[in-house]
>>> print(open('coords-v6.txt').read())   # compact mmCIF, C-alpha atoms
# COMPACT_ATOMS: atom_id res chain seq x y z
CA MET B 1 53.60 -61.24 162.19
CA GLU B 2 56.75 -60.08 163.93
CA SER B 3 56.28 -58.11 167.13
CA ILE B 4 57.61 -54.60 167.70
CA ALA B 5 60.42 -56.06 169.84
CA GLN B 6 61.44 -58.50 167.09
CA ARG B 7 61.56 -55.75 164.51
CA GLU B 8 63.53 -53.52 166.84
CA ALA B 9 66.07 -56.31 167.31
CA ALA B 10 66.31 -56.67 163.51
CA ILE B 11 67.05 -52.96 163.10
CA LEU B 12 69.78 -53.10 165.74
CA GLU B 13 71.29 -56.11 164.00
CA ASP B 14 71.28 -54.36 160.60
CA PHE B 15 73.07 -51.37 162.03
CA SER B 16 75.58 -53.47 163.97
CA PHE B 17 77.34 -54.23 160.67
CA PHE B 18 78.15 -50.57 160.09
CA ASP B 19 81.54 -49.36 161.22
CA ASP B 20 81.26 -45.67 160.55
CA TRP B 21 78.79 -42.88 160.05
CA MET B 22 79.03 -43.10 156.27
CA ASP B 23 77.68 -46.66 156.19
CA LYS B 24 74.90 -45.65 158.56
CA TYR B 25 73.86 -42.72 156.43
CA GLU B 26 74.17 -44.70 153.20
CA HIS B 27 71.72 -47.16 154.77
CA LEU B 28 69.38 -44.33 155.79
CA ILE B 29 69.56 -42.88 152.27
CA ALA B 30 68.75 -46.33 150.83
CA LEU B 31 65.77 -46.65 153.20
CA GLY B 32 64.63 -43.21 152.10
CA LYS B 33 64.77 -44.22 148.46
CA GLU B 34 62.84 -47.44 149.13
CA LEU B 35 59.97 -45.74 150.97
CA SER B 36 57.00 -45.60 148.61
CA PRO B 37 55.99 -42.00 148.02
CA MET B 38 52.72 -40.63 149.34
CA SER B 39 50.09 -39.40 146.94
CA GLU B 40 49.89 -35.65 146.46
CA GLU B 41 46.38 -35.69 148.05
CA GLN B 42 47.90 -37.03 151.26
CA LYS B 43 50.61 -34.38 151.34
CA VAL B 44 48.36 -31.77 152.92
CA GLU B 45 48.98 -29.49 155.85
CA GLU B 46 46.97 -31.57 158.32
CA ASN B 47 49.33 -34.49 157.66
CA GLN B 48 52.45 -32.36 158.00
CA ILE B 49 54.67 -32.76 161.03
CA LYS B 50 55.83 -29.51 162.60
CA GLY B 51 59.27 -29.02 164.04
CA CYS B 52 61.29 -30.46 161.17
CA GLN B 53 63.58 -28.42 158.93
CA SER B 54 62.49 -30.43 155.93
CA GLN B 55 58.86 -31.07 155.10
CA VAL B 56 57.53 -34.32 156.56
CA TRP B 57 54.09 -35.83 156.12
CA LEU B 58 52.57 -38.73 158.04
CA CYS B 59 49.13 -40.29 157.98
CA ALA B 60 47.69 -43.56 159.25
CA ARG B 61 44.67 -45.80 158.76
CA GLU B 62 43.31 -48.67 160.77
CA GLU B 63 42.40 -52.02 159.27
CA GLU B 64 41.10 -54.85 161.48
CA GLY B 65 42.77 -53.58 164.60
CA ARG B 66 46.12 -52.84 162.91
CA VAL B 67 47.56 -49.44 162.11
CA PHE B 68 49.14 -48.75 158.72
CA PHE B 69 51.20 -45.64 158.13
CA ASP B 70 52.10 -43.66 155.02
CA ALA B 71 54.89 -41.13 155.19
CA ASP B 72 56.98 -38.89 152.99
CA ALA B 73 59.55 -36.12 153.25
CA ASP B 74 61.25 -33.78 150.82
CA ALA B 75 64.76 -34.56 152.12
CA ILE B 76 66.05 -38.08 151.47
CA ILE B 77 67.75 -38.61 154.85
CA THR B 78 64.55 -37.51 156.57
CA ARG B 79 62.64 -40.00 154.40
CA GLY B 80 65.09 -42.65 155.58
CA MET B 81 64.55 -41.64 159.20
CA ILE B 82 60.77 -41.83 158.98
CA ALA B 83 61.01 -45.17 157.12
CA LEU B 84 63.19 -46.46 159.94
CA LEU B 85 60.79 -45.19 162.60
CA LEU B 86 57.84 -46.85 160.85
CA ARG B 87 59.53 -50.24 160.48
CA PRO B 88 58.70 -51.53 164.00
CA VAL B 89 55.22 -50.02 164.19
CA GLN B 90 53.84 -50.72 160.70
CA GLY B 91 50.76 -52.96 160.99
CA GLN B 92 50.92 -53.22 164.79
CA ALA B 93 48.07 -52.85 167.26
CA PRO B 94 47.20 -49.30 168.42
CA VAL B 95 47.90 -50.14 172.07
CA ASP B 96 51.46 -51.28 171.27
CA ILE B 97 52.18 -48.23 169.11
CA ALA B 98 50.85 -45.81 171.74
CA SER B 99 53.33 -46.99 174.35
CA TYR B 100 56.31 -47.77 172.11
CA GLU B 101 59.55 -46.10 173.26
CA PHE B 102 61.58 -46.31 170.02
CA GLY B 103 64.41 -47.70 172.09
CA PHE B 104 66.65 -48.37 169.07
CA LEU B 105 67.38 -44.68 168.40
CA ASP B 106 69.79 -44.18 171.28
CA PRO B 107 71.95 -47.30 170.73
CA LEU B 108 72.17 -46.42 167.03
CA GLY B 109 73.52 -43.03 168.02
CA LEU B 110 70.98 -41.38 165.77
CA THR B 111 69.68 -38.92 168.31
CA ALA B 112 73.22 -37.85 169.20
CA HIS B 113 74.34 -37.57 165.59
CA LEU B 114 71.50 -35.40 164.50
CA SER B 115 71.75 -31.67 165.01
CA PRO B 116 69.43 -30.04 167.58
CA THR B 117 66.79 -28.90 165.10
CA ARG B 118 66.89 -32.26 163.40
CA ALA B 119 66.62 -34.12 166.70
CA ASN B 120 63.56 -32.00 167.49
CA GLY B 121 62.08 -33.05 164.18
CA LEU B 122 62.78 -36.66 165.08
CA LEU B 123 61.00 -36.17 168.39
CA SER B 124 58.01 -34.66 166.58
CA MET B 125 57.84 -37.71 164.28
CA VAL B 126 57.99 -40.11 167.25
CA LYS B 127 55.25 -38.18 169.07
CA GLN B 128 53.01 -38.14 166.01
CA ILE B 129 53.36 -41.92 165.45
CA ARG B 130 52.46 -42.58 169.10
CA LEU B 131 49.57 -40.13 168.88
CA TYR B 132 48.06 -42.19 166.04
CA GLY B 133 48.31 -45.23 168.29
CA VAL B 134 46.50 -43.37 171.08
CA ALA B 135 43.84 -42.02 168.72
CA PHE B 136 42.99 -45.41 167.18
CA GLN B 137 42.97 -46.99 170.63
CA ALA B 138 40.48 -44.36 171.84
CA LYS B 139 38.34 -44.85 168.75
CA ARG B 140 38.01 -48.57 169.51
CA GLY B 141 36.97 -47.64 173.07
CA MET W 1 61.13 -2.53 154.63
CA THR W 2 62.70 -4.85 152.12
CA GLN W 3 62.31 -8.44 151.00
CA LEU W 4 65.91 -8.99 152.09
CA GLU W 5 65.32 -8.74 155.83
CA HIS W 6 66.08 -11.17 158.61
CA HIS W 7 62.88 -12.04 160.50
CA SER W 8 64.23 -9.96 163.40
CA ASN W 9 63.89 -6.85 161.23
CA LEU W 10 60.44 -7.87 159.94
CA VAL W 11 58.39 -9.28 162.79
CA PRO W 12 58.81 -6.33 165.23
CA TRP W 13 57.65 -3.91 162.51
CA GLN W 14 54.68 -6.16 161.73
CA MET W 15 53.82 -6.08 165.44
CA LEU W 16 54.16 -2.30 165.51
CA ALA W 17 52.02 -1.97 162.38
CA GLN W 18 49.29 -4.07 164.03
CA HIS W 19 49.49 -1.82 167.07
CA THR W 20 49.48 1.52 165.24
CA GLY W 21 47.65 0.74 162.00
CA ALA W 22 50.71 1.62 159.93
CA THR W 23 51.09 0.10 156.46
CA LEU W 24 54.25 -1.87 155.63
CA ARG W 25 55.66 -1.65 152.12
CA TYR W 26 58.47 -3.80 150.80
CA VAL W 27 61.29 -3.21 148.33
CA PRO W 28 61.72 -6.37 146.22
CA ILE W 29 65.00 -8.05 145.23
CA ASP W 30 66.10 -9.15 141.79
CA GLY W 31 67.55 -12.52 140.77
CA ARG W 32 70.98 -11.53 142.09
CA GLY W 33 69.59 -10.63 145.50
CA VAL W 34 69.97 -6.89 144.89
CA LEU W 35 67.31 -4.42 146.08
CA ASP W 36 65.38 -2.71 143.30
CA GLN W 37 66.33 0.91 143.88
CA ALA W 38 63.77 2.22 141.38
CA VAL W 39 60.97 0.59 143.38
CA TYR W 40 62.51 1.92 146.59
CA GLN W 41 62.41 5.47 145.22
CA SER W 42 58.83 5.01 144.05
CA LEU W 43 57.70 3.81 147.51
CA LEU W 44 59.06 6.88 149.30
CA ASN W 45 56.66 9.77 149.82
CA GLU W 46 55.69 12.30 152.48
CA ARG W 47 53.60 9.63 154.25
CA THR W 48 56.69 7.43 154.74
CA LYS W 49 57.43 7.57 158.47
CA LEU W 50 60.23 5.07 158.81
CA VAL W 51 62.52 3.03 156.58
CA ALA W 52 64.14 -0.12 157.98
CA PHE W 53 66.57 -2.34 156.10
CA ASN W 54 69.74 -4.29 156.65
CA HIS W 55 73.24 -3.16 155.77
CA ILE W 56 74.26 -6.67 154.70
CA SER W 57 71.94 -9.61 154.06
CA ASN W 58 72.63 -12.58 156.36
CA ALA W 59 71.23 -15.03 153.80
CA LEU W 60 72.74 -13.71 150.56
CA GLY W 61 75.59 -11.40 151.53
CA THR W 62 74.23 -8.44 149.54
CA ILE W 63 75.73 -5.13 150.70
CA ASN W 64 73.08 -2.43 150.47
CA PRO W 65 73.86 1.19 149.52
CA VAL W 66 73.01 2.49 152.99
CA LYS W 67 74.23 6.05 152.49
CA ALA W 68 72.22 6.66 149.30
CA MET W 69 69.11 4.91 150.67
CA THR W 70 69.35 6.97 153.87
CA ALA W 71 69.66 10.25 151.97
CA ALA W 72 66.59 9.35 149.88
CA ALA W 73 64.58 8.50 153.00
CA HIS W 74 65.65 11.70 154.74
CA ALA W 75 64.57 13.70 151.67
CA VAL W 76 60.96 12.70 152.43
CA GLY W 77 61.40 13.15 156.19
CA ALA W 78 61.49 9.45 157.10
CA VAL W 79 63.50 8.00 160.00
CA VAL W 80 66.12 5.43 159.00
CA VAL W 81 66.76 2.30 161.09
CA VAL W 82 69.49 -0.02 159.87
CA ASP W 83 70.09 -3.63 160.96
CA GLY W 84 73.87 -3.79 161.00
CA ALA W 85 74.21 -7.26 162.57
CA GLN W 86 76.07 -8.61 159.52
CA ALA W 87 77.97 -5.45 158.55
CA LEU W 88 79.71 -4.86 161.88
CA PRO W 89 81.66 -8.16 161.85
CA HIS W 90 82.61 -7.96 158.18
CA SER W 91 83.37 -4.31 157.44
CA HIS W 92 84.29 -0.93 158.85
CA VAL W 93 81.07 0.95 159.64
CA ASP W 94 80.92 4.72 160.14
CA VAL W 95 77.40 5.57 161.35
CA GLN W 96 78.01 9.32 161.13
CA ASP W 97 79.11 9.11 157.53
CA LEU W 98 76.12 6.91 156.67
CA ASP W 99 73.93 9.50 158.45
CA VAL W 100 71.49 6.80 159.66
CA ASP W 101 69.21 7.66 162.59
CA PHE W 102 69.52 4.25 164.24
CA TYR W 103 71.92 1.36 163.73
CA ALA W 104 71.70 -2.02 165.49
CA GLY W 105 74.28 -4.75 166.05
CA SER W 106 74.76 -8.02 167.92
CA ALA W 107 77.78 -9.08 169.97
CA HIS W 108 77.48 -12.74 169.05
CA LYS W 109 78.00 -11.83 165.39
CA MET W 110 81.23 -10.05 166.34
CA TYR W 111 83.12 -12.88 168.04
CA GLY W 112 81.46 -11.86 171.33
CA PRO W 113 79.02 -13.47 173.75
CA THR W 114 75.29 -13.98 173.24
CA GLY W 115 72.69 -11.85 174.97
CA VAL W 116 74.21 -8.44 174.36
CA GLY W 117 73.86 -5.99 171.51
CA LEU W 118 73.91 -2.34 170.62
CA LEU W 119 71.57 0.29 169.31
CA TYR W 120 73.17 3.48 168.06
CA GLY W 121 70.86 6.50 167.82
CA LYS W 122 71.43 10.13 166.96
CA THR W 123 71.52 12.15 170.18
CA ALA W 124 68.51 14.27 169.20
CA TRP W 125 66.41 11.13 168.74
CA LEU W 126 67.56 9.52 171.96
CA GLU W 127 66.75 12.68 173.90
CA THR W 128 63.26 12.82 172.37
CA LEU W 129 62.39 9.16 172.91
CA PRO W 130 60.92 8.13 176.28
CA PRO W 131 62.51 5.29 178.25
CA TYR W 132 61.21 1.86 177.17
CA GLN W 133 61.74 0.29 180.59
CA GLY W 134 61.65 1.73 184.09
CA GLY W 135 63.70 0.76 187.12
CA GLY W 136 66.98 1.33 188.87
CA GLU W 137 69.91 3.24 187.39
CA MET W 138 67.80 5.05 184.79
CA ILE W 139 66.55 7.84 187.05
CA SER W 140 67.94 11.07 188.46
CA GLU W 141 65.35 11.79 191.21
CA VAL W 142 62.64 9.50 192.53
CA ALA W 143 59.81 10.72 194.76
CA MET W 144 56.57 8.96 195.66
CA ASP W 145 54.52 10.92 193.14
CA GLN W 146 56.92 11.15 190.19
CA SER W 147 60.47 10.59 188.97
CA SER W 148 62.82 12.31 186.59
CA TYR W 149 65.04 10.35 184.26
CA ALA W 150 68.78 10.16 184.01
CA GLY W 151 70.68 11.44 180.98
CA LEU W 152 71.93 9.35 178.05
CA PRO W 153 72.64 6.51 177.87
CA HIS W 154 71.36 5.62 181.38
CA LYS W 155 67.79 6.57 180.51
CA PHE W 156 67.66 3.44 178.31
CA GLU W 157 69.58 1.13 180.64
CA ALA W 158 67.20 0.30 183.46
CA GLY W 159 68.30 -2.27 186.00
CA THR W 160 71.50 -4.24 186.29
CA PRO W 161 73.30 -4.37 182.95
CA ASN W 162 74.66 -7.53 181.34
CA ILE W 163 78.08 -6.84 182.89
CA ALA W 164 79.76 -10.11 181.92
CA GLY W 165 78.39 -9.85 178.37
CA VAL W 166 79.65 -6.33 177.90
CA ILE W 167 83.12 -7.14 179.26
CA GLY W 168 83.30 -10.21 177.01
CA TRP W 169 82.25 -8.16 174.02
CA GLY W 170 84.84 -5.53 174.88
CA ALA W 171 87.54 -8.19 174.71
CA ALA W 172 86.18 -9.40 171.37
CA LEU W 173 86.15 -5.86 169.97
CA SER W 174 89.73 -5.24 171.14
CA TRP W 175 90.74 -8.41 169.34
CA MET W 176 88.96 -7.30 166.16
CA GLN W 177 90.71 -3.93 166.30
CA GLN W 178 94.04 -5.60 166.93
CA VAL W 179 93.61 -7.80 163.86
CA GLY W 180 92.27 -4.78 161.99
CA LEU W 181 88.82 -4.35 160.45
CA GLU W 182 90.33 -3.66 157.03
CA ALA W 183 92.54 -6.76 157.30
CA ILE W 184 89.51 -8.92 158.23
CA GLU W 185 87.53 -7.53 155.31
CA ALA W 186 90.36 -8.09 152.83
CA HIS W 187 90.94 -11.65 154.12
CA GLU W 188 87.24 -12.49 153.83
CA GLN W 189 86.88 -10.97 150.37
CA ALA W 190 89.81 -13.06 149.09
CA LEU W 191 88.23 -16.17 150.63
CA LEU W 192 84.84 -15.28 149.13
CA ALA W 193 86.37 -15.16 145.65
CA TYR W 194 88.24 -18.44 146.22
CA GLY W 195 85.22 -20.22 147.76
CA THR W 196 82.93 -19.05 144.96
CA GLU W 197 85.37 -20.45 142.40
CA ARG W 198 85.70 -23.79 144.26
CA LEU W 199 81.94 -24.25 144.63
CA LEU W 200 81.07 -23.29 141.07
CA ALA W 201 83.58 -25.88 139.81
CA ILE W 202 81.32 -28.60 141.28
CA PRO W 203 78.60 -29.68 138.83
CA GLY W 204 75.06 -28.83 139.95
CA VAL W 205 76.02 -26.14 142.46
CA LYS W 206 74.09 -22.89 142.29
CA ILE W 207 75.04 -19.90 144.41
CA TYR W 208 72.23 -17.67 145.71
CA GLY W 209 73.17 -14.04 146.16
CA VAL W 210 75.51 -12.77 143.47
CA ALA W 211 75.35 -9.04 144.15
CA PRO W 212 78.32 -7.06 142.80
CA GLU W 213 78.81 -5.69 146.33
CA LYS W 214 78.82 -8.79 148.49
CA ALA W 215 80.07 -9.82 151.93
CA ALA W 216 81.69 -13.13 152.86
CA VAL W 217 78.86 -15.62 152.82
CA LEU W 218 78.32 -18.53 150.44
CA SER W 219 74.67 -19.50 150.17
CA PHE W 220 74.10 -22.35 147.72
CA ASN W 221 72.17 -25.44 146.69
CA VAL W 222 72.91 -28.58 144.70
CA ALA W 223 70.54 -29.43 141.84
CA GLY W 224 68.09 -32.17 142.76
CA VAL W 225 69.24 -32.42 146.37
CA HIS W 226 67.56 -31.07 149.49
CA PRO W 227 69.84 -28.63 151.37
CA TYR W 228 69.15 -30.46 154.60
CA ASP W 229 70.60 -33.72 153.29
CA VAL W 230 73.81 -31.99 152.26
CA GLY W 231 74.01 -30.18 155.61
CA THR W 232 73.50 -33.41 157.57
CA LEU W 233 76.34 -35.16 155.72
CA LEU W 234 78.70 -32.15 155.94
CA ASP W 235 77.98 -32.08 159.68
CA GLN W 236 79.15 -35.70 159.92
CA MET W 237 82.40 -34.65 158.26
CA GLY W 238 82.95 -31.91 160.81
CA ILE W 239 82.12 -29.13 158.38
CA ALA W 240 79.92 -26.49 159.98
CA VAL W 241 77.36 -24.98 157.63
CA ARG W 242 73.86 -23.82 158.30
CA THR W 243 70.95 -25.10 156.26
CA GLY W 244 67.40 -23.87 155.96
CA GLN W 245 65.79 -20.49 155.57
CA HIS W 246 68.28 -18.54 157.72
CA CYS W 247 65.38 -16.61 159.30
CA THR W 248 64.68 -15.08 155.89
CA GLN W 249 61.62 -16.93 154.64
CA PRO W 250 60.59 -14.14 152.18
CA ILE W 251 63.93 -14.52 150.35
CA MET W 252 63.53 -18.30 150.04
CA ASP W 253 59.93 -17.85 148.83
CA CYS W 254 61.19 -15.36 146.25
CA PHE W 255 63.61 -17.98 144.85
CA GLY W 256 61.01 -20.75 145.30
CA ILE W 257 63.36 -22.94 147.34
CA PRO W 258 63.00 -24.65 150.74
CA GLY W 259 66.29 -23.15 151.91
CA THR W 260 69.98 -23.05 151.15
CA ILE W 261 73.24 -24.43 152.49
CA ARG W 262 75.24 -21.52 153.85
CA ALA W 263 78.93 -21.33 154.65
CA SER W 264 79.78 -18.16 156.55
CA LEU W 265 83.35 -16.94 156.30
CA ALA W 266 85.12 -15.15 159.12
CA ALA W 267 88.54 -13.89 160.20
CA TYR W 268 89.54 -17.43 161.26
CA THR W 269 88.40 -19.17 158.06
CA SER W 270 91.21 -20.42 155.80
CA ARG W 271 91.59 -21.57 152.21
CA GLU W 272 92.05 -25.10 153.60
CA ASP W 273 88.59 -24.83 155.20
CA LEU W 274 87.12 -24.03 151.80
CA ASP W 275 89.03 -26.92 150.21
CA ALA W 276 87.54 -29.19 152.90
CA LEU W 277 84.08 -27.79 152.14
CA ALA W 278 84.48 -28.47 148.42
CA ARG W 279 85.78 -32.02 149.01
CA GLY W 280 83.05 -32.68 151.58
CA LEU W 281 80.41 -31.39 149.23
CA GLU W 282 81.60 -33.69 146.44
CA LYS W 283 81.50 -36.62 148.87
CA ALA W 284 77.99 -35.69 150.06
CA ILE W 285 76.73 -35.39 146.49
CA ALA W 286 78.18 -38.83 145.66
CA LEU W 287 76.45 -40.34 148.71
CA LEU W 288 73.12 -38.78 147.85
CA ALA W 289 73.22 -39.55 144.12
>>> encode(input="coords-v6.txt", output="structure tokens")
Amino acid sequence: MESIAQREAAILEDFSFFDDWMDKYEHLIALGKELSPMSEEQKVEENQIKGCQSQVWLCAREEEGRVFFDADADAIITRGMIALLLRPVQGQAPVDIASYEFGFLDPLGLTAHLSPTRANGLLSMVKQIRLYGVAFQAKRG
Amino acid sequence: MTQLEHHSNLVPWQMLAQHTGATLRYVPIDGRGVLDQAVYQSLLNERTKLVAFNHISNALGTINPVKAMTAAAHAVGAVVVVDGAQALPHSHVDVQDLDVDFYAGSAHKMYGPTGVGLLYGKTAWLETLPPYQGGGEMISEVAMDQSSYAGLPHKFEAGTPNIAGVIGWGAALSWMQQVGLEAIEAHEQALLAYGTERLLAIPGVKIYGVAPEKAAVLSFNVAGVHPYDVGTLLDQMGIAVRTGQHCTQPIMDCFGIPGTIRASLAAYTSREDLDALARGLEKAIALLA
């Protein structure tokens, strides 16, 4: 399986082909459409991420030392964002997820392009993903 | 209270009600975003202590019949507090003619700086009310055992005022008067009609807030699209709109929507701006389709 670093490099390469914001957002919209929807049972308040203007849900499960995430959002660009955030961490070890810095966001200009409330939402998503890493790590002891 | 309020005219009353045990009652809106005046009349009785509502809705643009609502409230002996934050920048307001007891406004909604606002009150009320803060500048005599308070308005202006804010606001108000409040209102009303026409020509667009008496705000959604997606793409095109609940969650709940996209029109908005909005919106819809 590819490491977090390898997947991060792949994301940066994908985005390097885009010349303007429209291509970038078209890509995000496409990622949002590709993300498989969560079941309605998973879209409950305890899985909801606070601090986003649109509704975002995230949950995770551990299988044989790997963490698998499910996510959804009611806005398509937000779905694309969460899909992008999950790409490097999907199926990785809790310890790697807990300390992951999501270093691709800054070079992609995504934090700068997003409005303050949206950037806060992004931060909440990043924190929640890491928190799952920490929680599963603690559970393993 | 009404269903049409900004959170800033809801939450403080909820806090007061918790403190005093008062009961809050709400006047609902109809599908156009207009207050149901029959319900309003039915809610008023001799136990009604205070009526608070906005002059113009920030989310929908509805202009409320302040004078008639105030007269009805006064008929049962209730105090009337009006949130004028959206009326002051968009229209000529005469508090004496409206006969309201209190009227509030915000400088940053009137081309002025943030952090400064106004509360108008009838003299009799202001003389009756105790100071809400104590300190320098609000006293006439201070001894070790007691103090007496200064006259109006100093009684309510303890401490060092927001000098820079007030001077900045003064400059903004002079500018508004120079342009002319009637001229601003006429300009905005013409733009509102034009913008409404441009937006409704785009398939799937629905405008929220279609009161017959309406101020210059265009609150809308596109069928099948989340307002936040549209707002994000418009932002990329340099078109400034606000998306979300606009601090009016009860209104959004009433329409059963997560929020709206809102374009606010002002003295400096032009027809070209609205053309850019319409073109941008078409582009955003194409991207999201």
>>> closest_residue(input="coords-v6.txt", among="B:Glu63, B:Glu40, B:Asp20, B:Glu8", to="chain W", atoms="only C-alpha atoms")
B:Asp20
>>> closest_atom_pairs(input="coords-v6.txt", of="stretch 213-233 of chain W", to="stretch 25-29 of chain B", cutoff="10 Å", atoms="only C-alpha atoms", output="JSON lines")
{"residue": "W:Asp229", "atom": "CA", "partner": "B:Ile29", "partner_atom": "CA", "distance": 9.3}
{"residue": "W:Thr232", "atom": "CA", "partner": "B:Tyr25", "partner_atom": "CA", "distance": 9.4}
{"residue": "W:Leu233", "atom": "CA", "partner": "B:Tyr25", "partner_atom": "CA", "distance": 8.0}
>>> closest_residue(input="coords-v6.txt", among="B:Ile129, B:Val56, B:Val134, B:Leu122", to="B:Arg87", atoms="all atoms listed in the file")
B:Ile129
>>> atom_distance(input="coords-v6.txt", atom1="atom CA of B:Phe17", atom2="atom CA of B:Pro88")
19.1 Å
>>> interface_residues(input="coords-v6.txt", of="chain W", to="chain B", cutoff="9 Å", atoms="only C-alpha atoms", output="ChimeraX atom specification")
/W:225-229,232-233,235-236,243-245,258,287-288
>>> write_last_selection(input="coords-v6.txt", atoms="C-alpha atoms", output="short mmCIF file (atom, residue, chain, number, x, y, z; two decimals), keeping the file's coordinate frame")
data_model
loop_
_atom_site.label_atom_id
_atom_site.label_comp_id
_atom_site.auth_asym_id
_atom_site.auth_seq_id
_atom_site.Cartn_x
_atom_site.Cartn_y
_atom_site.Cartn_z
CA VAL W 225 69.24 -32.42 146.37
CA HIS W 226 67.56 -31.07 149.49
CA PRO W 227 69.84 -28.63 151.37
CA TYR W 228 69.15 -30.46 154.60
CA ASP W 229 70.60 -33.72 153.29
CA THR W 232 73.50 -33.41 157.57
CA LEU W 233 76.34 -35.16 155.72
CA ASP W 235 77.98 -32.08 159.68
CA GLN W 236 79.15 -35.70 159.92
CA THR W 243 70.95 -25.10 156.26
CA GLY W 244 67.40 -23.87 155.96
CA GLN W 245 65.79 -20.49 155.57
CA PRO W 258 63.00 -24.65 150.74
CA LEU W 287 76.45 -40.34 148.71
CA LEU W 288 73.12 -38.78 147.85
#
>>> closest_residue(input="coords-v6.txt", among="W:Lys67, W:Lys109, W:Arg32, W:His19", to="W:Tyr208", atoms="all atoms listed in the file")
W:Arg32
>>> atom_distance(input="coords-v6.txt", atom1="atom CA of W:Ala107", atom2="atom CA of W:Tyr120")
13.5 Å
>>> build_atoms(input="coords-v6.txt", residues="stretch 93-110 of chain B", atoms="N, CA and C atoms", output="compact mmCIF listing (two decimals), in the coordinates of the input")
# COMPACT_ATOMS: atom_id res chain seq x y z
N ALA B 93 49.30 -53.23 166.58
CA ALA B 93 48.07 -52.85 167.26
C ALA B 93 48.23 -51.45 167.87
N PRO B 94 47.13 -50.66 167.87
CA PRO B 94 47.20 -49.30 168.42
C PRO B 94 47.81 -49.24 169.83
N VAL B 95 47.43 -50.17 170.68
CA VAL B 95 47.90 -50.14 172.07
C VAL B 95 49.43 -50.28 172.14
N ASP B 96 50.00 -51.09 171.25
CA ASP B 96 51.46 -51.28 171.27
C ASP B 96 52.18 -50.05 170.71
N ILE B 97 51.57 -49.42 169.72
CA ILE B 97 52.18 -48.23 169.11
C ILE B 97 52.16 -47.07 170.10
N ALA B 98 51.04 -46.94 170.81
CA ALA B 98 50.85 -45.81 171.74
C ALA B 98 51.91 -45.78 172.83
N SER B 99 52.38 -46.96 173.23
CA SER B 99 53.33 -46.99 174.35
C SER B 99 54.76 -47.30 173.91
N TYR B 100 54.99 -47.37 172.59
CA TYR B 100 56.31 -47.77 172.11
C TYR B 100 57.35 -46.67 172.35
N GLU B 101 58.52 -47.06 172.84
CA GLU B 101 59.55 -46.10 173.26
C GLU B 101 60.61 -45.79 172.19
N PHE B 102 60.57 -46.48 171.07
CA PHE B 102 61.58 -46.31 170.02
C PHE B 102 63.01 -46.43 170.60
N GLY B 103 63.18 -47.50 171.35
CA GLY B 103 64.41 -47.70 172.09
C GLY B 103 65.65 -47.91 171.23
N PHE B 104 65.48 -48.11 169.93
CA PHE B 104 66.65 -48.37 169.07
C PHE B 104 67.40 -47.10 168.69
N LEU B 105 66.75 -45.93 168.86
CA LEU B 105 67.38 -44.68 168.40
C LEU B 105 68.66 -44.35 169.15
N ASP B 106 68.61 -44.50 170.47
CA ASP B 106 69.79 -44.18 171.28
C ASP B 106 70.98 -45.08 170.98
N PRO B 107 70.81 -46.43 171.04
CA PRO B 107 71.95 -47.30 170.73
C PRO B 107 72.51 -47.08 169.33
N LEU B 108 71.68 -46.67 168.39
CA LEU B 108 72.17 -46.42 167.03
C LEU B 108 72.90 -45.09 166.94
N GLY B 109 72.83 -44.32 168.01
CA GLY B 109 73.52 -43.03 168.02
C GLY B 109 72.86 -42.02 167.10
N LEU B 110 71.62 -42.29 166.74
CA LEU B 110 70.98 -41.38 165.77
C LEU B 110 70.52 -40.09 166.41
